[in-house]
Amino acid sequence: AQSGEVAADPQQYDQAYLSPVTIGNSELMLDFDTGSADLWAFSNETPASQSQGHERYDSATGTELDGYSWSITYGDQSGAGGNVYTDKVVVGGVTATRQAVEAATSVSASFSQNIDSDGLLGLAFSSINTVQPRQQTTFFDTVRPTLAKALFTCDLRQGDAGSYTFGYIDSSKYQGTVTYVPVDDSQGFWQFTAGGYSVGGDNATSGSVGTAIADTGTSLLYLPAAVTKAYYEQAGGRYDNQQGGYTLPCNGGAPDFSVAIGGKTFTVPGSYIAYAPLTTGSSTCFGGIQPDTGIGFSIFGDVFLKAVYAIFDVSQGSPRLGFAAQ
Ligand SMILES: O=C(CNCc1ccccc1)Nc1scc(-c2ccccc2)c1C(=O)NCc1ccccc1
């Protein structure tokens, strides 16, 4: 049985985390993304004008799936599309011998400009993979039958290298016990229900967060508008129309944000929520908590996930998420 571990290296402000992946003879840095289900990469088929500064997948080592294509658009209207190959993919020593690899023939500007990232490795459910005419499996679904345990884990850290493991849980990476909650995979996401919240440790706050997804590919923590408003009232933040989100003082006074999941409380330190200065040297920061208006559910992105050890587990038949304090 296979198992393995791969580093997750943070970009500036922990905007994304990148991990080394070998595809055929190419070694690329990919953004592991539990919020999408396509493994796609810059390739020899991506126009040079769009791929300056990126490592590229050389599809010559792959077997083309004739007539297959893919196309994906994310909530920020970024996106990519192209052709499909099968090739050998190795992540932390775990090998998928015939993995669908989606070679980009076109990528949007934000992908071209982020030269640290050579593509994405989707870890959501394969039901939302975009390959046509026949949907393909994620790397995790491809290797799942060969793994010691049918699960992967995520240990992201604030401003430091974290890791993903496949096939095993590393109990040295968390404290206390793991709290498991059921996952509803009907929308293809690692979707769960989050409970009550508190700001700055006071228990006065009422109401529940509700339906949420665990999404390593999204940088911030998107919460219901009412919860977000309550947070920034205590944090001395304000909604800045020009910035398109809440901002707050960078000066370290931001309160912690706590949320109950499976009856256990998990806390995001205030320092994670003073996310990044608006411009270099500014004393005003863009907030790491933003409203989930228009999305349809809350997104527990990296700002939350770097405060916990997360276990994405399908070993029990129905999928579940495990969370433990880091
Ligand atoms: O799309 C994802 C996961 N992939 C994130 C990603 C990674 C690299 C580059 C671009 C995007 N997650 C989800 S689930 C649901 C949404 C969503 C968000 C806003 C409106 C509608 C849907 C998103 C998403 O787009 N996340 C990324 C994101 C970007 C900007 C603002 C919010 C969220």
# chains A, B, ... in the order shown; residues from 1 in each chain; ligands from 1
>>> residues_near_ligand(ligand="ligand 1", cutoff="9 Å", atoms="only C-alpha atoms and all ligand atoms", output="MDAnalysis selection string")
chainID A and resid 16 31:37 73:79 110:111 117 119:120 122 124 189 213 215:220 222 290 292:299 301
>>> write_last_selection(atoms="C-alpha atoms", output="compact mmCIF listing (two decimals), in the first residue's frame")
# COMPACT_ATOMS: atom_id res chain seq x y z
CA ALA A 16 -1.65 30.14 -1.80
CA ASP A 31 -1.64 24.58 -5.91
CA PHE A 32 -3.41 21.68 -4.11
CA ASP A 33 -7.05 22.67 -4.15
CA THR A 34 -9.79 20.87 -2.17
CA GLY A 35 -12.28 23.32 -3.75
CA SER A 36 -11.93 22.00 -7.33
CA ALA A 37 -11.38 18.64 -9.06
CA THR A 73 -13.86 29.15 -14.33
CA TYR A 74 -13.45 30.07 -10.64
CA GLY A 75 -15.52 32.50 -8.60
CA ASP A 76 -13.09 35.34 -9.25
CA GLN A 77 -13.66 34.82 -12.99
CA SER A 78 -10.14 33.45 -13.42
CA GLY A 79 -9.94 30.28 -15.48
CA SER A 110 -4.16 36.07 -13.01
CA PHE A 111 -2.67 32.59 -13.61
CA SER A 117 2.08 28.43 -9.56
CA GLY A 119 -1.24 24.82 -12.17
CA LEU A 120 -3.68 23.16 -9.80
CA GLY A 122 -7.81 19.35 -7.53
CA ALA A 124 -12.56 17.99 -4.35
CA PHE A 189 -17.17 19.87 -2.25
CA ILE A 213 -16.75 23.94 2.59
CA ASP A 215 -11.20 24.77 0.61
CA THR A 216 -7.37 24.82 0.52
CA GLY A 217 -7.48 26.69 -2.82
CA THR A 218 -9.25 29.76 -1.44
CA SER A 219 -7.03 32.12 0.56
CA LEU A 220 -9.55 33.70 2.92
CA TYR A 222 -15.76 33.72 3.74
CA GLN A 290 -14.95 38.46 4.20
CA ASP A 292 -19.82 34.93 1.58
CA THR A 293 -22.61 36.92 -0.11
CA GLY A 294 -23.62 35.38 -3.45
CA ILE A 295 -21.53 32.20 -2.99
CA GLY A 296 -24.28 30.03 -1.48
CA PHE A 297 -22.15 28.64 1.39
CA SER A 298 -19.26 29.72 3.61
CA ILE A 299 -15.70 28.98 2.48
CA GLY A 301 -10.10 28.72 3.15
>>> residues_around(residues="Met29 in chain A", least_positions_apart="5", cutoff="6 Å", atoms="only C-alpha atoms", output="tab-separated table (two decimals) with N, CA, C and O atoms, in the first residue's frame")
chain	number	residue	atom	x	y	z
A	18	LEU	N	2.06	26.00	-2.41
A	18	LEU	CA	2.45	25.26	-3.62
A	18	LEU	C	3.27	24.04	-3.23
A	18	LEU	O	4.09	24.07	-2.30
A	19	SER	N	3.02	22.95	-3.97
A	19	SER	CA	3.66	21.67	-3.68
A	19	SER	C	4.30	21.09	-4.93
A	19	SER	O	3.72	21.19	-6.03
A	20	PRO	N	5.46	20.44	-4.80
A	20	PRO	CA	6.14	19.86	-5.97
A	20	PRO	C	5.45	18.58	-6.45
A	20	PRO	O	5.11	17.72	-5.63
A	117	SER	N	3.00	29.56	-9.41
A	117	SER	CA	2.08	28.43	-9.56
A	117	SER	C	2.05	27.93	-11.00
A	117	SER	O	1.77	28.71	-11.92
A	118	ASP	N	2.33	26.65	-11.18
A	118	ASP	CA	2.35	26.05	-12.53
A	118	ASP	C	1.05	25.31	-12.84
A	118	ASP	O	0.96	24.62	-13.85
>>> closest_residue(among="A:Thr228, A:Gln316, A:Gly200, A:Phe286", to="Val268 in chain A", atoms="only C-alpha atoms")
A:Gly200
>>> residues_around(residues="Asp184 in chain A", least_positions_apart="2", cutoff="10 Å", atoms="only C-alpha atoms", output="PyMOL selection string")
chain A and resi 181-182+186-193+211+213+318-320
>>> closest_residue(among="A:Lys264, A:Arg56, A:Arg157, A:Arg134", to="Gly196 in chain A", atoms="only C-alpha atoms")
A:Lys264
>>> closest_residue(among="A:Leu39, A:Gly162, A:Ser69, A:Glu45", to="Val101 in chain A", atoms="only C-alpha atoms")
A:Leu39
>>> atom_distance(atom1="CA of Glu27 in chain A", atom2="CA of Gln15 in chain A")
21.7 Å
>>> atom_distance(atom1="CA of Leu151 in chain A", atom2="CA of Thr165 in chain A")
8.5 Å
>>> atom_distance(atom1="CA of Leu28 in chain A", atom2="CA of Leu65 in chain A")
21.4 Å
>>> residues_around(residues="Val199 in chain A", least_positions_apart="3", cutoff="9 Å", atoms="only C-alpha atoms", output="ChimeraX atom specification")
/A:202-205,230-231,234-235,255-259
>>> write_last_selection(atoms="all heavy atoms", output="mmCIF file, in the first residue's frame")
data_model
loop_
_atom_site.group_PDB
_atom_site.id
_atom_site.type_symbol
_atom_site.label_atom_id
_atom_site.label_comp_id
_atom_site.auth_asym_id
_atom_site.auth_seq_id
_atom_site.Cartn_x
_atom_site.Cartn_y
_atom_site.Cartn_z
ATOM 1 N N ASP A 202 -15.422 36.195 23.578
ATOM 2 C CA ASP A 202 -16.660 36.390 24.362
ATOM 3 C C ASP A 202 -17.708 35.403 23.864
ATOM 4 O O ASP A 202 -17.714 35.016 22.707
ATOM 5 C CB ASP A 202 -17.148 37.843 24.265
ATOM 6 C CG ASP A 202 -17.828 38.123 22.919
ATOM 7 O OD1 ASP A 202 -17.904 37.184 22.107
ATOM 8 O OD2 ASP A 202 -18.241 39.262 22.707
ATOM 9 N N ASN A 203 -18.575 34.952 24.791
ATOM 10 C CA ASN A 203 -19.553 33.941 24.343
ATOM 11 C C ASN A 203 -20.872 34.578 23.965
ATOM 12 O O ASN A 203 -21.855 33.909 23.735
ATOM 13 C CB ASN A 203 -19.748 32.901 25.465
ATOM 14 C CG ASN A 203 -18.419 32.227 25.767
ATOM 15 O OD1 ASN A 203 -17.648 31.997 24.847
ATOM 16 N ND2 ASN A 203 -18.132 31.991 27.033
ATOM 17 N N ALA A 204 -20.842 35.938 23.911
ATOM 18 C CA ALA A 204 -22.110 36.656 23.706
ATOM 19 C C ALA A 204 -22.656 36.412 22.303
ATOM 20 O O ALA A 204 -23.844 36.381 22.083
ATOM 21 C CB ALA A 204 -21.883 38.142 23.907
ATOM 22 N N THR A 205 -21.786 36.199 21.339
ATOM 23 C CA THR A 205 -22.281 36.142 19.946
ATOM 24 C C THR A 205 -23.247 34.974 19.794
ATOM 25 O O THR A 205 -23.077 33.922 20.396
ATOM 26 C CB THR A 205 -21.110 35.951 18.974
ATOM 27 O OG1 THR A 205 -20.124 35.167 19.638
ATOM 28 C CG2 THR A 205 -20.517 37.287 18.588
ATOM 29 N N ALA A 230 -20.469 41.341 12.527
ATOM 30 C CA ALA A 230 -20.253 41.262 13.979
ATOM 31 C C ALA A 230 -18.758 41.221 14.296
ATOM 32 O O ALA A 230 -18.283 41.855 15.247
ATOM 33 C CB ALA A 230 -20.951 40.019 14.549
ATOM 34 N N TYR A 231 -17.990 40.507 13.471
ATOM 35 C CA TYR A 231 -16.552 40.433 13.718
ATOM 36 C C TYR A 231 -15.899 41.821 13.609
ATOM 37 O O TYR A 231 -15.185 42.278 14.505
ATOM 38 C CB TYR A 231 -15.851 39.439 12.768
ATOM 39 C CG TYR A 231 -14.359 39.449 13.019
ATOM 40 C CD1 TYR A 231 -13.822 38.717 14.081
ATOM 41 C CD2 TYR A 231 -13.521 40.262 12.270
ATOM 42 C CE1 TYR A 231 -12.465 38.786 14.373
ATOM 43 C CE2 TYR A 231 -12.162 40.333 12.549
ATOM 44 C CZ TYR A 231 -11.644 39.598 13.609
ATOM 45 O OH TYR A 231 -10.315 39.679 13.908
ATOM 46 N N GLN A 234 -16.305 44.456 16.280
ATOM 47 C CA GLN A 234 -15.395 44.309 17.420
ATOM 48 C C GLN A 234 -13.941 44.567 17.024
ATOM 49 O O GLN A 234 -13.116 44.913 17.860
ATOM 50 C CB GLN A 234 -15.519 42.885 17.993
ATOM 51 C CG GLN A 234 -16.798 42.663 18.763
ATOM 52 C CD GLN A 234 -16.545 41.800 19.991
ATOM 53 O OE1 GLN A 234 -15.488 41.876 20.604
ATOM 54 N NE2 GLN A 234 -17.500 40.973 20.336
ATOM 55 N N ALA A 235 -13.642 44.381 15.750
ATOM 56 C CA ALA A 235 -12.235 44.497 15.330
ATOM 57 C C ALA A 235 -11.877 45.920 14.914
ATOM 58 O O ALA A 235 -10.724 46.205 14.581
ATOM 59 C CB ALA A 235 -11.982 43.532 14.168
ATOM 60 N N PRO A 255 -9.240 40.883 17.112
ATOM 61 C CA PRO A 255 -9.674 39.799 17.999
ATOM 62 C C PRO A 255 -9.610 38.446 17.303
ATOM 63 O O PRO A 255 -9.666 38.357 16.076
ATOM 64 C CB PRO A 255 -11.123 40.167 18.337
ATOM 65 C CG PRO A 255 -11.578 41.067 17.252
ATOM 66 C CD PRO A 255 -10.376 41.757 16.712
ATOM 67 N N ASP A 256 -9.512 37.374 18.109
ATOM 68 C CA ASP A 256 -9.568 36.007 17.563
ATOM 69 C C ASP A 256 -10.985 35.741 17.081
ATOM 70 O O ASP A 256 -11.942 36.391 17.492
ATOM 71 C CB ASP A 256 -9.224 34.986 18.655
ATOM 72 C CG ASP A 256 -7.777 35.135 19.144
ATOM 73 O OD1 ASP A 256 -6.998 35.857 18.490
ATOM 74 O OD2 ASP A 256 -7.452 34.541 20.198
ATOM 75 N N PHE A 257 -11.120 34.732 16.179
ATOM 76 C CA PHE A 257 -12.452 34.279 15.744
ATOM 77 C C PHE A 257 -12.545 32.786 16.051
ATOM 78 O O PHE A 257 -11.681 32.013 15.629
ATOM 79 C CB PHE A 257 -12.653 34.520 14.241
ATOM 80 C CG PHE A 257 -13.973 33.994 13.738
ATOM 81 C CD1 PHE A 257 -15.125 34.738 13.887
ATOM 82 C CD2 PHE A 257 -14.065 32.727 13.167
ATOM 83 C CE1 PHE A 257 -16.352 34.243 13.460
ATOM 84 C CE2 PHE A 257 -15.287 32.228 12.734
ATOM 85 C CZ PHE A 257 -16.433 32.985 12.884
ATOM 86 N N SER A 258 -13.580 32.423 16.828
ATOM 87 C CA SER A 258 -13.757 31.002 17.183
ATOM 88 C C SER A 258 -15.064 30.488 16.606
ATOM 89 O O SER A 258 -16.055 31.214 16.526
ATOM 90 C CB SER A 258 -13.792 30.839 18.713
ATOM 91 O OG SER A 258 -12.556 31.244 19.263
ATOM 92 N N VAL A 259 -15.064 29.215 16.184
ATOM 93 C CA VAL A 259 -16.270 28.597 15.617
ATOM 94 C C VAL A 259 -16.361 27.154 16.114
ATOM 95 O O VAL A 259 -15.333 26.477 16.270
ATOM 96 C CB VAL A 259 -16.242 28.660 14.062
ATOM 97 C CG1 VAL A 259 -15.022 27.960 13.487
ATOM 98 C CG2 VAL A 259 -17.523 28.096 13.469
#
>>> select_by_dssp(residues="range 7-75 of chain A", states="alpha helix (DSSP H)", output="PyMOL selection string")
chain A and resi 48-51
>>> select_by_dssp(residues="range 49-205 of chain A", states="strand (DSSP E or B)", output="compact mmCIF listing (two decimals) with N, CA, C and O atoms, in the first residue's frame")
# COMPACT_ATOMS: atom_id res chain seq x y z
N TYR A 57 4.32 21.47 -18.26
CA TYR A 57 4.18 20.03 -18.48
C TYR A 57 4.47 19.76 -19.95
O TYR A 57 3.86 20.35 -20.85
N THR A 63 -0.14 10.24 -23.01
CA THR A 63 -0.97 9.63 -24.06
C THR A 63 -2.20 10.51 -24.22
O THR A 63 -2.97 10.63 -23.26
N GLU A 64 -2.37 11.14 -25.37
CA GLU A 64 -3.49 12.07 -25.54
C GLU A 64 -4.82 11.34 -25.55
O GLU A 64 -4.95 10.26 -26.14
N LEU A 65 -5.82 11.88 -24.85
CA LEU A 65 -7.20 11.39 -24.93
C LEU A 65 -7.83 12.16 -26.07
O LEU A 65 -8.19 13.33 -25.93
N ASP A 66 -7.95 11.51 -27.24
CA ASP A 66 -8.40 12.22 -28.45
C ASP A 66 -9.82 12.75 -28.31
O ASP A 66 -10.70 12.02 -27.84
N GLY A 67 -9.99 14.02 -28.64
CA GLY A 67 -11.32 14.62 -28.62
C GLY A 67 -11.76 15.06 -27.24
O GLY A 67 -12.87 15.56 -27.06
N TYR A 68 -10.88 14.89 -26.22
CA TYR A 68 -11.23 15.32 -24.86
C TYR A 68 -10.78 16.76 -24.65
O TYR A 68 -9.79 17.23 -25.25
N SER A 69 -11.51 17.48 -23.80
CA SER A 69 -11.12 18.86 -23.46
C SER A 69 -11.58 19.19 -22.05
O SER A 69 -12.35 18.42 -21.45
N TRP A 70 -11.12 20.30 -21.55
CA TRP A 70 -11.53 20.77 -20.22
C TRP A 70 -11.59 22.28 -20.24
O TRP A 70 -10.95 22.94 -21.08
N SER A 71 -12.40 22.84 -19.32
CA SER A 71 -12.50 24.30 -19.21
C SER A 71 -13.06 24.61 -17.83
O SER A 71 -14.07 24.05 -17.42
N ILE A 72 -12.38 25.48 -17.09
CA ILE A 72 -12.81 25.75 -15.71
C ILE A 72 -12.79 27.25 -15.46
O ILE A 72 -11.93 27.96 -15.97
N THR A 73 -13.81 27.74 -14.74
CA THR A 73 -13.86 29.15 -14.33
C THR A 73 -14.09 29.17 -12.82
O THR A 73 -14.96 28.45 -12.31
N GLY A 79 -9.62 31.57 -14.90
CA GLY A 79 -9.94 30.28 -15.48
C GLY A 79 -8.88 29.80 -16.45
O GLY A 79 -7.87 30.48 -16.67
N ALA A 80 -9.11 28.60 -16.98
CA ALA A 80 -8.16 27.99 -17.92
C ALA A 80 -8.89 26.89 -18.69
O ALA A 80 -10.00 26.48 -18.30
N GLY A 81 -8.25 26.39 -19.75
CA GLY A 81 -8.84 25.29 -20.51
C GLY A 81 -7.81 24.68 -21.44
O GLY A 81 -6.75 25.25 -21.66
N GLY A 82 -8.14 23.48 -21.97
CA GLY A 82 -7.18 22.85 -22.88
C GLY A 82 -7.49 21.42 -23.23
O GLY A 82 -8.65 21.01 -23.28
N ASN A 83 -6.41 20.62 -23.44
CA ASN A 83 -6.50 19.23 -23.87
C ASN A 83 -6.18 18.29 -22.70
O ASN A 83 -5.78 18.75 -21.62
N VAL A 84 -6.39 16.99 -22.92
CA VAL A 84 -6.25 16.01 -21.83
C VAL A 84 -5.33 14.86 -22.24
O VAL A 84 -5.44 14.33 -23.36
N TYR A 85 -4.43 14.50 -21.34
CA TYR A 85 -3.51 13.38 -21.52
C TYR A 85 -3.63 12.47 -20.32
O TYR A 85 -4.18 12.86 -19.28
N THR A 86 -3.12 11.24 -20.43
CA THR A 86 -2.86 10.45 -19.22
C THR A 86 -1.35 10.31 -19.13
O THR A 86 -0.66 10.18 -20.14
N ASP A 87 -0.86 10.35 -17.89
CA ASP A 87 0.58 10.29 -17.67
C ASP A 87 0.82 9.85 -16.24
O ASP A 87 -0.12 9.76 -15.42
N LYS A 88 2.09 9.58 -15.93
CA LYS A 88 2.46 9.18 -14.57
C LYS A 88 2.59 10.45 -13.71
O LYS A 88 3.26 11.40 -14.13
N VAL A 89 1.94 10.42 -12.55
CA VAL A 89 1.99 11.57 -11.64
C VAL A 89 2.47 11.07 -10.28
O VAL A 89 1.92 10.08 -9.76
N VAL A 90 3.50 11.72 -9.74
CA VAL A 90 4.04 11.32 -8.44
C VAL A 90 3.97 12.49 -7.47
O VAL A 90 4.45 13.58 -7.77
N VAL A 91 3.35 12.26 -6.29
CA VAL A 91 3.22 13.28 -5.24
C VAL A 91 3.75 12.68 -3.94
O VAL A 91 3.17 11.71 -3.42
N VAL A 94 3.89 9.00 -3.72
CA VAL A 94 2.66 8.27 -4.10
C VAL A 94 2.48 8.41 -5.61
O VAL A 94 2.47 9.52 -6.15
N THR A 95 2.35 7.28 -6.31
CA THR A 95 2.33 7.27 -7.77
C THR A 95 0.98 6.89 -8.34
O THR A 95 0.39 5.88 -7.93
N ALA A 96 0.50 7.73 -9.28
CA ALA A 96 -0.68 7.38 -10.10
C ALA A 96 -0.14 7.09 -11.49
O ALA A 96 0.43 7.99 -12.13
N THR A 97 -0.26 5.85 -11.96
CA THR A 97 0.41 5.50 -13.23
C THR A 97 -0.32 6.08 -14.44
O THR A 97 0.32 6.47 -15.42
N ARG A 98 -1.65 6.16 -14.40
CA ARG A 98 -2.37 6.71 -15.56
C ARG A 98 -3.36 7.77 -15.07
O ARG A 98 -4.56 7.55 -15.04
N GLN A 99 -2.84 8.91 -14.69
CA GLN A 99 -3.64 10.02 -14.16
C GLN A 99 -4.02 10.95 -15.31
O GLN A 99 -3.18 11.25 -16.16
N ALA A 100 -5.26 11.42 -15.33
CA ALA A 100 -5.67 12.44 -16.31
C ALA A 100 -4.95 13.74 -15.98
O ALA A 100 -5.08 14.27 -14.87
N VAL A 101 -4.18 14.24 -16.94
CA VAL A 101 -3.44 15.50 -16.78
C VAL A 101 -3.99 16.47 -17.81
O VAL A 101 -4.01 16.17 -19.01
N GLU A 102 -4.47 17.61 -17.34
CA GLU A 102 -5.15 18.57 -18.21
C GLU A 102 -4.16 19.67 -18.61
O GLU A 102 -3.78 20.50 -17.78
N ALA A 103 -3.71 19.59 -19.86
CA ALA A 103 -2.70 20.53 -20.38
C ALA A 103 -3.39 21.81 -20.82
O ALA A 103 -4.31 21.76 -21.65
N ALA A 104 -2.95 22.95 -20.30
CA ALA A 104 -3.60 24.22 -20.63
C ALA A 104 -3.20 24.68 -22.03
O ALA A 104 -2.02 24.66 -22.38
N THR A 105 -4.19 25.07 -22.82
CA THR A 105 -3.91 25.76 -24.09
C THR A 105 -4.25 27.24 -23.94
O THR A 105 -3.95 28.03 -24.83
N SER A 106 -4.91 27.58 -22.82
CA SER A 106 -5.24 28.98 -22.54
C SER A 106 -5.43 29.15 -21.04
O SER A 106 -6.04 28.29 -20.40
N VAL A 107 -4.86 30.22 -20.48
CA VAL A 107 -5.04 30.52 -19.06
C VAL A 107 -5.35 32.01 -18.92
O VAL A 107 -4.93 32.83 -19.75
N GLY A 119 0.05 25.47 -11.94
CA GLY A 119 -1.24 24.82 -12.17
C GLY A 119 -1.85 24.38 -10.85
O GLY A 119 -1.38 24.75 -9.77
N LEU A 120 -2.93 23.61 -10.97
CA LEU A 120 -3.68 23.16 -9.80
C LEU A 120 -3.78 21.65 -9.74
O LEU A 120 -3.81 20.99 -10.80
N LEU A 121 -3.84 21.11 -8.53
CA LEU A 121 -4.13 19.69 -8.33
C LEU A 121 -5.40 19.62 -7.51
O LEU A 121 -5.39 19.86 -6.29
N GLY A 122 -6.51 19.33 -8.19
CA GLY A 122 -7.81 19.35 -7.53
C GLY A 122 -8.00 18.17 -6.58
O GLY A 122 -7.61 17.04 -6.89
N GLN A 132 -14.47 16.82 -20.63
CA GLN A 132 -15.52 16.32 -21.54
C GLN A 132 -14.85 15.46 -22.63
O GLN A 132 -13.69 15.71 -22.95
N LEU A 147 -3.95 3.25 -1.50
CA LEU A 147 -3.45 3.93 -0.29
C LEU A 147 -3.65 3.05 0.94
O LEU A 147 -4.63 2.31 1.05
N LEU A 151 -7.52 8.34 2.76
CA LEU A 151 -7.65 9.70 3.29
C LEU A 151 -6.43 10.52 2.91
O LEU A 151 -5.38 9.97 2.56
N PHE A 152 -6.56 11.84 2.97
CA PHE A 152 -5.40 12.72 2.89
C PHE A 152 -5.54 13.78 3.97
O PHE A 152 -6.64 14.01 4.49
N THR A 153 -4.41 14.38 4.36
CA THR A 153 -4.46 15.39 5.43
C THR A 153 -3.79 16.67 4.95
O THR A 153 -3.01 16.67 4.01
N CYS A 154 -4.12 17.75 5.65
CA CYS A 154 -3.63 19.08 5.29
C CYS A 154 -3.17 19.78 6.56
O CYS A 154 -3.93 19.91 7.52
N ASP A 155 -1.87 20.18 6.55
CA ASP A 155 -1.30 20.90 7.68
C ASP A 155 -0.69 22.18 7.11
O ASP A 155 0.49 22.21 6.76
N LEU A 156 -1.52 23.22 6.95
CA LEU A 156 -1.02 24.51 6.44
C LEU A 156 -0.62 25.37 7.63
O LEU A 156 -1.20 25.24 8.72
N ARG A 157 0.40 26.21 7.43
CA ARG A 157 0.92 27.01 8.54
C ARG A 157 1.01 28.48 8.14
O ARG A 157 1.20 28.80 6.95
N ASP A 160 4.79 29.68 7.02
CA ASP A 160 5.79 28.62 7.16
C ASP A 160 5.37 27.43 6.30
O ASP A 160 4.20 27.29 5.97
N ALA A 161 6.35 26.60 5.98
CA ALA A 161 6.03 25.42 5.15
C ALA A 161 5.17 24.45 5.94
O ALA A 161 5.46 24.14 7.10
N GLY A 162 4.12 24.00 5.33
CA GLY A 162 3.26 22.96 5.91
C GLY A 162 3.40 21.70 5.06
O GLY A 162 4.43 21.53 4.38
N SER A 163 2.39 20.84 5.10
CA SER A 163 2.48 19.62 4.30
C SER A 163 1.11 19.01 4.06
O SER A 163 0.15 19.29 4.79
N TYR A 164 1.04 18.19 3.03
CA TYR A 164 -0.10 17.30 2.78
C TYR A 164 0.42 15.87 2.91
O TYR A 164 1.55 15.59 2.49
N THR A 165 -0.40 14.97 3.52
CA THR A 165 -0.04 13.55 3.50
C THR A 165 -1.15 12.80 2.77
O THR A 165 -2.32 13.22 2.79
N PHE A 166 -0.77 11.69 2.15
CA PHE A 166 -1.75 10.80 1.50
C PHE A 166 -1.62 9.41 2.12
O PHE A 166 -0.51 8.87 2.20
N GLN A 175 -2.57 18.61 18.32
CA GLN A 175 -2.70 18.40 19.77
C GLN A 175 -4.12 17.96 20.08
O GLN A 175 -5.05 18.31 19.36
N GLY A 176 -4.26 17.18 21.16
CA GLY A 176 -5.61 16.77 21.58
C GLY A 176 -6.21 15.76 20.62
O GLY A 176 -5.50 15.02 19.93
N THR A 177 -7.54 15.76 20.58
CA THR A 177 -8.22 14.73 19.79
C THR A 177 -8.73 15.32 18.46
O THR A 177 -8.85 16.54 18.33
N VAL A 178 -9.05 14.42 17.54
CA VAL A 178 -9.63 14.81 16.26
C VAL A 178 -11.15 14.78 16.40
O VAL A 178 -11.71 13.82 16.94
N THR A 179 -11.81 15.85 15.91
CA THR A 179 -13.28 15.89 15.88
C THR A 179 -13.72 15.66 14.45
O THR A 179 -13.31 16.39 13.55
N TYR A 180 -14.52 14.61 14.23
CA TYR A 180 -15.00 14.29 12.87
C TYR A 180 -16.42 14.81 12.68
O TYR A 180 -17.24 14.74 13.59
N VAL A 181 -16.67 15.32 11.47
CA VAL A 181 -18.04 15.75 11.11
C VAL A 181 -18.39 15.14 9.75
O VAL A 181 -17.51 14.93 8.91
N PRO A 182 -19.68 14.84 9.53
CA PRO A 182 -20.08 14.26 8.25
C PRO A 182 -19.93 15.27 7.10
O PRO A 182 -20.06 16.48 7.31
N ASP A 184 -21.25 16.34 3.23
CA ASP A 184 -22.26 16.20 2.18
C ASP A 184 -21.54 16.48 0.86
O ASP A 184 -21.18 17.62 0.59
N GLN A 191 -18.10 19.54 2.04
CA GLN A 191 -19.10 20.42 2.65
C GLN A 191 -19.55 19.86 3.99
O GLN A 191 -19.83 18.68 4.12
N PHE A 192 -19.57 20.76 4.98
CA PHE A 192 -19.95 20.36 6.35
C PHE A 192 -20.77 21.47 6.98
O PHE A 192 -20.99 22.52 6.35
N THR A 193 -21.23 21.28 8.20
CA THR A 193 -22.02 22.30 8.89
C THR A 193 -21.21 22.85 10.05
O THR A 193 -20.74 22.09 10.91
N ALA A 194 -21.02 24.18 10.06
CA ALA A 194 -20.32 24.83 11.17
C ALA A 194 -21.35 25.43 12.12
O ALA A 194 -22.42 25.86 11.68
N GLY A 195 -21.06 25.47 13.39
CA GLY A 195 -22.03 25.90 14.41
C GLY A 195 -21.80 27.32 14.87
O GLY A 195 -21.43 28.19 14.09
N GLY A 196 -21.99 27.54 16.18
CA GLY A 196 -21.92 28.89 16.76
C GLY A 196 -20.50 29.45 16.69
O GLY A 196 -19.54 28.71 16.55
N TYR A 197 -20.43 30.79 16.80
CA TYR A 197 -19.13 31.45 16.70
C TYR A 197 -18.96 32.42 17.85
O TYR A 197 -19.93 32.80 18.53
N SER A 198 -17.74 32.84 18.11
CA SER A 198 -17.52 33.91 19.09
C SER A 198 -16.34 34.76 18.62
O SER A 198 -15.45 34.27 17.92
N VAL A 199 -16.39 36.03 18.98
CA VAL A 199 -15.36 36.99 18.57
C VAL A 199 -14.59 37.40 19.82
O VAL A 199 -15.18 37.76 20.82
>>> closest_residue(among="A:Ile23, A:Ala214, A:Ala7, A:Ala48", to="Ala60 in chain A", atoms="only C-alpha atoms")
A:Ile23
>>> closest_residue(among="A:Ala226, A:Thr130, A:Gly93, A:Asp313", to="Ala1 in chain A", atoms="only C-alpha atoms")
A:Gly93
>>> closest_residue(among="A:Trp40, A:Gln135, A:Asp14, A:Tyr168", to="Gln2 in chain A", atoms="only C-alpha atoms")
A:Tyr168
>>> decode(residues="range 253-272 of chain A", atoms="C-alpha atoms", output="compact mmCIF listing (two decimals), in the first residue's frame")
# COMPACT_ATOMS: atom_id res chain seq x y z
CA GLY A 253 -5.30 44.35 17.91
CA ALA A 254 -7.57 42.12 15.79
CA PRO A 255 -9.67 39.80 18.00
CA ASP A 256 -9.57 36.01 17.56
CA PHE A 257 -12.45 34.28 15.74
CA SER A 258 -13.76 31.00 17.18
CA VAL A 259 -16.27 28.60 15.62
CA ALA A 260 -17.82 25.35 16.86
CA ILE A 261 -17.45 22.33 14.54
CA GLY A 262 -18.78 18.96 15.72
CA GLY A 263 -19.23 20.44 19.19
CA LYS A 264 -15.55 21.42 19.47
CA THR A 265 -14.32 25.05 19.31
CA PHE A 266 -11.59 26.00 16.82
CA THR A 267 -9.93 29.43 17.02
CA VAL A 268 -8.36 31.55 14.26
CA PRO A 269 -5.86 33.96 15.86
CA GLY A 270 -6.57 37.64 15.18
CA SER A 271 -3.11 37.93 13.62
CA TYR A 272 -4.29 35.66 10.76
